[in-house]
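Colleague: Structure file run-v8.csv (CSV, C-alpha atoms) is given on the next line.
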chain,number,residue,atom,x,y,z
A,1,MET,CA,-23.8,-8.4,19.7
A,2,ALA,CA,-22.7,-8.1,16.1
A,3,ILE,CA,-19.1,-8.9,15.3
A,4,LEU,CA,-19.1,-6.0,12.8
A,5,GLU,CA,-21.3,-2.9,13.4
A,6,ARG,CA,-22.3,-0.4,10.8
A,7,ASN,CA,-23.4,3.1,11.5
A,8,ASP,CA,-24.0,5.6,8.7
A,9,LYS,CA,-23.8,9.3,9.2
A,10,GLY,CA,-24.9,11.2,6.1
A,11,ALA,CA,-22.8,9.9,3.2
A,12,VAL,CA,-20.2,8.3,5.5
A,13,ALA,CA,-20.5,4.6,6.5
A,14,HIS,CA,-18.6,3.6,9.7
A,15,LEU,CA,-17.7,-0.1,10.0
A,16,HIS,CA,-16.6,-1.1,13.5
A,17,MET,CA,-15.0,-4.4,14.2
A,18,ASN,CA,-16.5,-5.6,17.4
A,19,ALA,CA,-14.6,-8.6,18.8
A,20,PRO,CA,-12.4,-7.0,21.4
A,21,GLU,CA,-11.8,-10.2,23.3
A,22,ARG,CA,-10.1,-11.6,20.2
A,23,LEU,CA,-8.4,-8.3,19.4
A,24,ASN,CA,-10.7,-8.0,16.3
A,25,ALA,CA,-8.8,-10.9,14.7
A,26,LEU,CA,-9.7,-11.8,11.1
A,27,SER,CA,-11.6,-14.9,12.1
A,28,ASP,CA,-13.8,-16.8,9.7
A,29,GLU,CA,-16.7,-14.8,11.1
A,30,MET,CA,-15.0,-11.5,10.9
A,31,LEU,CA,-13.9,-12.1,7.3
A,32,ALA,CA,-17.4,-13.1,6.3
A,33,ALA,CA,-18.9,-10.0,8.0
A,34,LEU,CA,-16.4,-7.6,6.3
A,35,GLN,CA,-16.9,-9.2,2.9
A,36,ASP,CA,-20.7,-9.0,3.2
A,37,GLU,CA,-20.6,-5.3,4.2
A,38,PHE,CA,-18.1,-4.4,1.4
A,39,ASP,CA,-20.2,-6.2,-1.1
A,40,GLN,CA,-23.2,-4.2,-0.1
A,41,LEU,CA,-21.2,-0.9,-0.2
A,42,LYS,CA,-20.2,-1.6,-3.8
A,43,ASN,CA,-23.7,-0.7,-5.0
A,44,ASP,CA,-24.6,1.8,-2.3
A,45,GLN,CA,-24.6,5.2,-4.1
A,46,SER,CA,-25.7,7.0,-0.9
A,47,VAL,CA,-22.3,6.3,0.7
A,48,ARG,CA,-19.3,8.3,-0.5
A,49,ALA,CA,-16.7,7.4,2.2
A,50,VAL,CA,-16.1,4.5,4.6
A,51,ILE,CA,-14.4,4.4,8.0
A,52,LEU,CA,-13.1,1.1,9.4
A,53,SER,CA,-12.2,0.9,13.1
A,54,GLY,CA,-11.9,-1.7,15.8
A,55,SER,CA,-13.1,-2.0,19.4
A,56,GLY,CA,-11.1,-2.6,22.6
A,57,LYS,CA,-7.4,-2.5,22.8
A,58,ALA,CA,-6.5,-3.2,19.2
A,59,PHE,CA,-7.5,-2.3,15.7
A,60,CYS,CA,-6.8,-5.9,14.4
A,61,ALA,CA,-4.3,-8.5,15.5
A,62,GLY,CA,-4.4,-10.5,12.2
A,63,HIS,CA,-5.6,-14.0,11.6
A,64,ASP,CA,-7.2,-16.0,14.4
A,65,LEU,CA,-4.5,-18.4,15.4
A,66,LYS,CA,-6.8,-20.6,17.5
A,67,GLN,CA,-9.0,-21.2,14.5
A,68,MET,CA,-6.0,-21.9,12.3
A,69,THR,CA,-4.7,-24.4,14.9
A,70,ALA,CA,-8.1,-26.1,14.9
A,71,GLY,CA,-8.0,-26.3,11.1
A,72,ARG,CA,-5.0,-28.6,11.4
A,73,GLN,CA,-7.2,-31.4,12.7
A,74,ALA,CA,-8.4,-32.2,9.2
A,75,GLU,CA,-7.0,-35.3,7.4
A,76,ASP,CA,-4.8,-33.1,5.2
A,77,GLY,CA,-3.3,-31.3,8.2
A,78,GLY,CA,-5.3,-28.2,7.3
A,79,LYS,CA,-4.0,-27.6,3.8
A,80,ALA,CA,-7.5,-27.1,2.2
A,81,TYR,CA,-8.6,-24.9,5.1
A,82,PHE,CA,-5.6,-22.7,5.0
A,83,LYS,CA,-5.8,-22.3,1.2
A,84,ASP,CA,-9.5,-21.3,1.5
A,85,LEU,CA,-8.7,-19.0,4.5
A,86,PHE,CA,-6.0,-17.0,2.6
A,87,ASP,CA,-8.1,-16.9,-0.5
A,88,ARG,CA,-11.1,-15.5,1.4
A,89,CYS,CA,-8.8,-12.9,3.1
A,90,ALA,CA,-7.2,-11.9,-0.2
A,91,ARG,CA,-10.7,-11.5,-1.8
A,92,MET,CA,-11.8,-9.3,1.1
A,93,MET,CA,-8.7,-7.1,0.8
A,94,MET,CA,-9.1,-6.7,-2.9
A,95,THR,CA,-12.7,-5.8,-2.5
A,96,VAL,CA,-11.6,-2.8,-0.4
A,97,GLN,CA,-9.7,-1.4,-3.3
A,98,GLN,CA,-12.5,-2.3,-5.7
A,99,LEU,CA,-15.1,-0.2,-3.8
A,100,PRO,CA,-16.1,3.1,-5.4
A,101,GLN,CA,-15.8,4.8,-2.1
A,102,PRO,CA,-12.5,5.7,-0.4
A,103,VAL,CA,-11.9,3.5,2.8
A,104,ILE,CA,-10.1,5.1,5.8
A,105,ALA,CA,-8.6,2.9,8.5
A,106,GLN,CA,-9.0,4.4,11.9
A,107,VAL,CA,-6.2,2.7,13.8
A,108,HIS,CA,-5.3,2.3,17.4
A,109,GLY,CA,-3.5,-0.1,19.8
A,110,ILE,CA,-1.9,-2.6,17.5
A,111,ALA,CA,-2.2,-3.6,13.8
A,112,THR,CA,-0.3,-6.8,13.3
A,113,ALA,CA,0.2,-9.4,10.5
A,114,ALA,CA,-3.1,-9.5,8.5
A,115,GLY,CA,-4.2,-6.5,10.6
A,116,CYS,CA,-1.3,-4.5,9.3
A,117,GLN,CA,-2.2,-5.8,5.9
A,118,LEU,CA,-5.7,-4.4,6.3
A,119,VAL,CA,-4.3,-0.9,7.2
A,120,ALA,CA,-2.0,-1.1,4.1
A,121,THR,CA,-5.0,-2.2,2.0
A,122,CYS,CA,-7.2,0.7,3.0
A,123,ASP,CA,-7.0,3.8,0.7
A,124,LEU,CA,-6.1,6.0,3.6
A,125,ALA,CA,-5.2,5.5,7.3
A,126,ILE,CA,-5.1,7.7,10.4
A,127,ALA,CA,-3.6,6.3,13.6
A,128,ALA,CA,-3.5,7.3,17.2
A,129,GLU,CA,0.0,8.2,18.5
A,130,GLY,CA,1.5,5.1,20.2
A,131,THR,CA,-0.1,2.6,17.8
A,132,LYS,CA,2.2,-0.3,16.9
A,133,PHE,CA,2.4,-1.9,13.5
A,134,GLY,CA,4.1,-5.2,12.6
A,135,VAL,CA,4.1,-8.1,10.2
A,136,ASN,CA,5.5,-10.3,12.9
A,137,GLY,CA,4.5,-13.8,11.8
A,138,VAL,CA,8.1,-14.7,11.5
A,139,ASN,CA,8.4,-14.6,15.3
A,140,ILE,CA,6.2,-17.7,15.4
A,141,GLY,CA,7.6,-19.4,12.3
A,142,LEU,CA,5.1,-18.1,9.8
A,143,PHE,CA,6.4,-15.6,7.3
A,144,CYS,CA,3.7,-12.9,6.6
A,145,SER,CA,3.7,-13.6,2.8
A,146,THR,CA,0.2,-12.4,2.1
A,147,PRO,CA,0.4,-9.3,4.3
A,148,MET,CA,3.7,-8.6,2.5
A,149,VAL,CA,1.7,-7.9,-0.7
A,150,ALA,CA,-0.1,-4.9,0.7
A,151,VAL,CA,2.7,-3.7,2.9
A,152,SER,CA,5.3,-3.8,0.2
A,153,ARG,CA,3.0,-1.7,-2.0
A,154,ASN,CA,2.9,1.0,0.7
A,155,ILE,CA,6.4,1.4,2.0
A,156,PRO,CA,9.9,1.2,0.5
A,157,ARG,CA,11.2,-2.3,-0.3
A,158,LYS,CA,14.1,-2.5,2.2
A,159,GLN,CA,12.0,-1.2,5.1
A,160,ALA,CA,9.2,-3.7,4.3
A,161,PHE,CA,11.7,-6.6,4.1
A,162,GLU,CA,13.2,-5.5,7.4
A,163,MET,CA,9.8,-5.6,9.1
A,164,LEU,CA,9.0,-9.0,7.6
A,165,THR,CA,12.2,-10.7,8.5
A,166,THR,CA,12.8,-9.2,11.9
A,167,GLY,CA,9.2,-9.3,13.1
A,168,GLN,CA,9.9,-6.0,14.9
A,169,PHE,CA,7.2,-3.4,15.4
A,170,ILE,CA,7.2,0.2,14.3
A,171,ASP,CA,5.3,3.0,16.0
A,172,ALA,CA,2.8,5.4,14.4
A,173,ALA,CA,5.4,8.1,13.8
A,174,ARG,CA,7.6,5.7,11.9
A,175,ALA,CA,4.6,4.4,10.0
A,176,GLU,CA,3.7,7.9,8.9
A,177,GLU,CA,7.3,8.5,7.9
A,178,LEU,CA,7.3,5.4,5.7
A,179,GLY,CA,3.9,6.1,4.2
A,180,LEU,CA,2.0,3.2,5.8
A,181,ILE,CA,-0.4,5.7,7.3
A,182,ASN,CA,-1.4,9.3,6.3
A,183,ARG,CA,-0.8,10.7,9.7
A,184,ALA,CA,-0.6,10.1,13.4
A,185,VAL,CA,-2.7,12.1,15.8
A,186,PRO,CA,-3.3,12.2,19.5
A,187,ALA,CA,-5.5,9.4,20.6
A,188,GLU,CA,-8.2,11.7,21.9
A,189,ASP,CA,-8.4,13.3,18.4
A,190,LEU,CA,-8.4,10.0,16.4
A,191,ALA,CA,-12.2,9.7,15.8
A,192,THR,CA,-12.6,13.5,15.1
A,193,GLU,CA,-9.7,13.6,12.6
A,194,THR,CA,-10.9,10.5,10.8
A,195,ALA,CA,-14.5,11.8,10.6
A,196,ALA,CA,-13.3,15.1,9.3
A,197,LEU,CA,-11.3,13.4,6.5
A,198,ALA,CA,-14.3,11.2,5.6
A,199,GLU,CA,-16.6,14.2,5.5
A,200,THR,CA,-14.1,16.0,3.1
A,201,LEU,CA,-14.1,13.0,0.8
A,202,ALA,CA,-17.9,12.6,1.0
A,203,GLY,CA,-18.2,16.2,-0.1
A,204,LYS,CA,-16.6,15.5,-3.5
A,205,LEU,CA,-18.4,14.4,-6.7
A,206,GLY,CA,-19.0,10.7,-6.1
A,207,ALA,CA,-18.8,9.7,-9.7
A,208,ALA,CA,-15.4,11.5,-10.1
A,209,VAL,CA,-14.0,9.8,-7.0
A,210,LYS,CA,-15.2,6.4,-8.2
A,211,VAL,CA,-13.6,6.6,-11.6
A,212,GLY,CA,-10.5,8.2,-10.0
A,213,LYS,CA,-10.0,5.5,-7.4
A,214,GLN,CA,-10.3,2.8,-10.0
A,215,ALA,CA,-7.8,4.5,-12.3
A,216,PHE,CA,-5.4,5.1,-9.3
A,217,TYR,CA,-5.0,1.3,-8.7
A,218,GLN,CA,-5.1,0.3,-12.4
A,219,GLN,CA,-2.4,2.8,-13.5
A,220,MET,CA,0.0,1.7,-10.8
A,221,GLN,CA,0.3,-1.7,-12.5
A,222,MET,CA,1.1,-0.3,-15.9
A,223,PRO,CA,4.3,1.0,-17.7
A,224,LEU,CA,4.5,4.7,-17.9
A,225,ASP,CA,3.3,5.1,-21.5
A,226,GLN,CA,0.3,2.8,-20.9
A,227,ALA,CA,-0.6,4.6,-17.7
A,228,TYR,CA,-0.7,7.9,-19.5
A,229,ALA,CA,-2.8,6.5,-22.3
A,230,TYR,CA,-5.2,4.8,-19.9
A,231,THR,CA,-5.6,7.8,-17.6
A,232,GLY,CA,-6.1,10.1,-20.6
A,233,ASP,CA,-9.1,8.0,-21.6
A,234,VAL,CA,-10.4,8.1,-18.0
A,235,MET,CA,-10.1,11.9,-18.0
A,236,VAL,CA,-12.0,12.2,-21.3
A,237,GLU,CA,-14.8,10.1,-19.8
A,238,ASN,CA,-14.8,12.2,-16.7
A,239,MET,CA,-14.9,15.4,-18.6
A,240,LEU,CA,-18.1,14.3,-20.3
A,241,TYR,CA,-20.0,13.9,-17.0
A,242,ARG,CA,-22.8,16.5,-16.6
A,243,ASP,CA,-21.7,17.2,-13.1
A,244,THR,CA,-18.1,17.8,-14.1
A,245,GLU,CA,-19.3,20.3,-16.6
A,246,GLU,CA,-21.3,21.9,-13.8
A,247,GLY,CA,-18.4,21.8,-11.4
A,248,ILE,CA,-16.1,23.6,-13.9
A,249,ALA,CA,-18.8,26.2,-14.6
A,250,ALA,CA,-19.3,26.8,-10.9
A,251,PHE,CA,-15.6,27.3,-10.4
A,252,ILE,CA,-15.4,29.8,-13.2
A,253,GLU,CA,-18.5,31.6,-12.0
A,254,LYS,CA,-17.3,31.5,-8.3
A,255,ARG,CA,-20.3,29.7,-6.9
A,256,ASP,CA,-21.1,26.3,-5.4
A,257,PRO,CA,-21.7,23.5,-7.9
A,258,ASP,CA,-25.2,22.2,-8.3
A,259,TRP,CA,-24.4,18.5,-8.5
A,260,THR,CA,-27.0,15.8,-9.2
A,261,GLN,CA,-25.0,12.9,-7.6
Hey, can you dump this file as structure tokens for me?

Modeller:
Amino acid sequence: MAILERNDKGAVAHLHMNAPERLNALSDEMLAALQDEFDQLKNDQSVRAVILSGSGKAFCAGHDLKQMTAGRQAEDGGKAYFKDLFDRCARMMMTVQQLPQPVIAQVHGIATAAGCQLVATCDLAIAAEGTKFGVNGVNIGLFCSTPMVAVSRNIPRKQAFEMLTTGQFIDAARAEELGLINRAVPAEDLATETAALAETLAGKLGAAVKVGKQAFYQQMQMPLDQAYAYTGDVMVENMLYRDTEEGIAAFIEKRDPDWTQ
């Protein structure tokens, strides 16, 4: 049984974390499987949207604490292993946002610590009502410093700091209110709602979404004037696409575009 399953439907790739007995923890094996699939998706022009979900009772419970504890047995107390682990996790998270395709987290049960980081990292997220979110490492003496990077880029500063320092969970309704997820839906509608969003995204011009996603994350790191200069150049490039010219013509002529991509 694969730890990570991939099923493609049309232009949508569905990645399903399949380690329910470990609450889909980001173990060494899970990180490697996710990194491998994301690396393959980078160059897969047939896929225009990605769904990421988890099996069993949880979306993802964060790092595998049993593996981390085993890593302490090294002569250095685990220092080299921990550094490598967090580097590998950061690389995987950054790869999600480097993909040309939008990635949607389909969240249920719990998303804690690095699992919450994974939700925050995905471009979009839909959660089942009743899902719990937390960056709760502080409860066991480990401040969620790396999950903090993604979470603090999704929700307001004071709310992020409260979650990090109290270790308290928030529910899906609060997560939606803060902007951690796009929306909460009844559990029975989770898969349908996520698939519908993915199909909507997959129906757009892939080249335009690719350049737009890249620009979205780049401009967020820039001062206002640089952001406008950069995105202006991106729009010029986008306007010169053959399919963009066709899309505009189709809109003017009130017909469906005949895109080549």

Colleague: Choose the residue, out of A:Arg174, A:Lys213, A:Arg242, A:Lys9, that has the smallest atom-to-atom separation from A:Cys122; count only C-alpha atoms.

Modeller: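 Using only C-alpha atoms, the shortest distance to A:Cys122 belongs to A:Lys213.
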
Colleague: Find the residue from A:Arg48, A:Glu129, A:Leu31, A:Glu75 that sits nearest to A:Arg91; use all atoms listed in the file when measuring.

Modeller: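 Using all atoms listed in the file, the shortest distance to A:Arg91 belongs to A:Leu31.
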
Colleague: With distances taken over only C-alpha atoms, which residue among A:Ile248, A:Ile104, A:Ile110, A:Met17 lies nearest A:Phe169?

Modeller: A:Ile110

Colleague: Between A:Lys132, A:Arg183, A:Arg153, A:Arg255, single out the one closest to A:Ala61, counting all atoms listed in the file.

Modeller: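 Of A:Lys132, A:Arg183, A:Arg153, A:Arg255, the one nearest A:Ala61, counting all atoms listed in the file, is A:Lys132.
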
Colleague: List the spatial neighbours of stretch 135-140 of chain A as a PDB file with C-alpha atoms, in the coordinates of the input - criterion: any atom at most 9 Å away, all atoms listed in the file, same-chain residues fewer than 2 positions off excluded.

Modeller:
ATOM      1  CA  ALA A 111      -2.200  -3.600  13.800  1.00  0.00           C
ATOM      2  CA  THR A 112      -0.300  -6.800  13.300  1.00  0.00           C
ATOM      3  CA  ALA A 113       0.200  -9.400  10.500  1.00  0.00           C
ATOM      4  CA  ALA A 114      -3.100  -9.500   8.500  1.00  0.00           C
ATOM      5  CA  GLY A 115      -4.200  -6.500  10.600  1.00  0.00           C
ATOM      6  CA  CYS A 116      -1.300  -4.500   9.300  1.00  0.00           C
ATOM      7  CA  GLN A 117      -2.200  -5.800   5.900  1.00  0.00           C
ATOM      8  CA  PHE A 133       2.400  -1.900  13.500  1.00  0.00           C
ATOM      9  CA  LEU A 142       5.100 -18.100   9.800  1.00  0.00           C
ATOM     10  CA  PHE A 143       6.400 -15.600   7.300  1.00  0.00           C
ATOM     11  CA  CYS A 144       3.700 -12.900   6.600  1.00  0.00           C
ATOM     12  CA  PRO A 147       0.400  -9.300   4.300  1.00  0.00           C
ATOM     13  CA  MET A 148       3.700  -8.600   2.500  1.00  0.00           C
ATOM     14  CA  VAL A 151       2.700  -3.700   2.900  1.00  0.00           C
ATOM     15  CA  ALA A 160       9.200  -3.700   4.300  1.00  0.00           C
ATOM     16  CA  MET A 163       9.800  -5.600   9.100  1.00  0.00           C
ATOM     17  CA  LEU A 164       9.000  -9.000   7.600  1.00  0.00           C
ATOM     18  CA  THR A 165      12.200 -10.700   8.500  1.00  0.00           C
ATOM     19  CA  THR A 166      12.800  -9.200  11.900  1.00  0.00           C
ATOM     20  CA  GLY A 167       9.200  -9.300  13.100  1.00  0.00           C
ATOM     21  CA  GLN A 168       9.900  -6.000  14.900  1.00  0.00           C
ATOM     22  CA  PHE A 169       7.200  -3.400  15.400  1.00  0.00           C
TER      23      PHE A 169
END

Colleague: Go ahead and compute the interatomic distance for atom CA of A:Asn43 and atom CA of A:Leu99, in Å to one decimal.

Modeller: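 Going from atom CA of A:Asn43 over to atom CA of A:Leu99 covers 8.7 Å.
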
Colleague: From the set A:Gly62, A:Gly232, A:Gly130, A:Gly247, which residue has the shortest atom-to-atom contact distance to A:Pro186, counting only C-alpha atoms?

Modeller: A:Gly130

Colleague: Identify the residues around (-14.1, 3.6, -8.1) within a radius of 8 Å, measuring from all atoms listed in the file in the coordinates stated by the file, and give them as a VMD selection string.

Modeller: chain A and resid 98 to 101 207 209 to 215

Colleague: Can I get the selected residues back with C-alpha atoms, as a PDB file, in the frame of the given file?

Modeller:
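Contents of again29.pdb, freshly written:
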ATOM      1  CA  GLN A  98     -12.500  -2.300  -5.700  1.00  0.00           C
ATOM      2  CA  LEU A  99     -15.100  -0.200  -3.800  1.00  0.00           C
ATOM      3  CA  PRO A 100     -16.100   3.100  -5.400  1.00  0.00           C
ATOM      4  CA  GLN A 101     -15.800   4.800  -2.100  1.00  0.00           C
ATOM      5  CA  ALA A 207     -18.800   9.700  -9.700  1.00  0.00           C
ATOM      6  CA  VAL A 209     -14.000   9.800  -7.000  1.00  0.00           C
ATOM      7  CA  LYS A 210     -15.200   6.400  -8.200  1.00  0.00           C
ATOM      8  CA  VAL A 211     -13.600   6.600 -11.600  1.00  0.00           C
ATOM      9  CA  GLY A 212     -10.500   8.200 -10.000  1.00  0.00           C
ATOM     10  CA  LYS A 213     -10.000   5.500  -7.400  1.00  0.00           C
ATOM     11  CA  GLN A 214     -10.300   2.800 -10.000  1.00  0.00           C
ATOM     12  CA  ALA A 215      -7.800   4.500 -12.300  1.00  0.00           C
TER      13      ALA A 215
END

Colleague: For each of A:Phe38, A:Tyr241, A:Phe161, A:Phe59, take the minimum atom-to-atom distance to A:Pro20, counting all atoms listed in the file, then give the residue where this is smallest.

Modeller: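 Closest candidate: A:Phe59.
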
Colleague: Distance atom CA of A:Ala120-atom CA of A:Ile3, one decimal place?

Modeller: 21.9 Å

Colleague: Could you list, as a list of chain:residue names, every residue within 8 Å of A:Ala49, counting all atoms listed in the file and ignoring same-chain residues fewer than 5 positions away?

Modeller: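 So the residues in contact are A:Ala11, A:Val12, A:Ala13, A:Gln101, A:Pro102, A:Val103, A:Ile104, A:Ala198, A:Glu199, A:Leu201, A:Ala202.
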
Colleague: Given 3 Å on each side, where is the centre and what are the edge lengths in Å to one decimal of the axis-aligned box enclosing the listed atoms of stretch 72-88 of chain A, as AutoDock Vina command-line options?

Modeller:
--center_x -7.2 --center_y -25.4 --center_z 6.1 --size_x 13.8 --size_y 25.8 --size_z 19.2

Colleague: When you draw a straight line from atom CA of A:Ala74 to atom CA of A:Arg88, how long is it in Å?

Modeller: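 So the two atoms, atom CA of A:Ala74 and atom CA of A:Arg88, lie 18.6 Å apart.
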
Colleague: Quick one: everything within 9 Å of A:Thr194, counting all atoms listed in the file, minus sequence neighbours fewer than 4 positions away in the same chain. Send it as a tab-separated table (two decimals) with C-alpha atoms, keeping the file's coordinate frame.

Modeller:
chain	number	residue	atom	x	y	z
A	51	ILE	CA	-14.40	4.40	8.00
A	104	ILE	CA	-10.10	5.10	5.80
A	105	ALA	CA	-8.60	2.90	8.50
A	106	GLN	CA	-9.00	4.40	11.90
A	125	ALA	CA	-5.20	5.50	7.30
A	126	ILE	CA	-5.10	7.70	10.40
A	127	ALA	CA	-3.60	6.30	13.60
A	189	ASP	CA	-8.40	13.30	18.40
A	190	LEU	CA	-8.40	10.00	16.40
A	198	ALA	CA	-14.30	11.20	5.60
A	199	GLU	CA	-16.60	14.20	5.50

Colleague: Give me the residues within 10 Å of A:Ser55 as a list of chain:residue names, counting all atoms listed in the file and dropping any in the same chain fewer than 4 places off.

Modeller: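 Neighbouring residues, sequence-local ones excluded: A:Leu4, A:His16, A:Met17, A:Asn18, A:Ala19, A:Pro20, A:Glu21, A:Leu23, A:Asn24, A:Phe59, A:Cys60, A:His108, A:Gly109.
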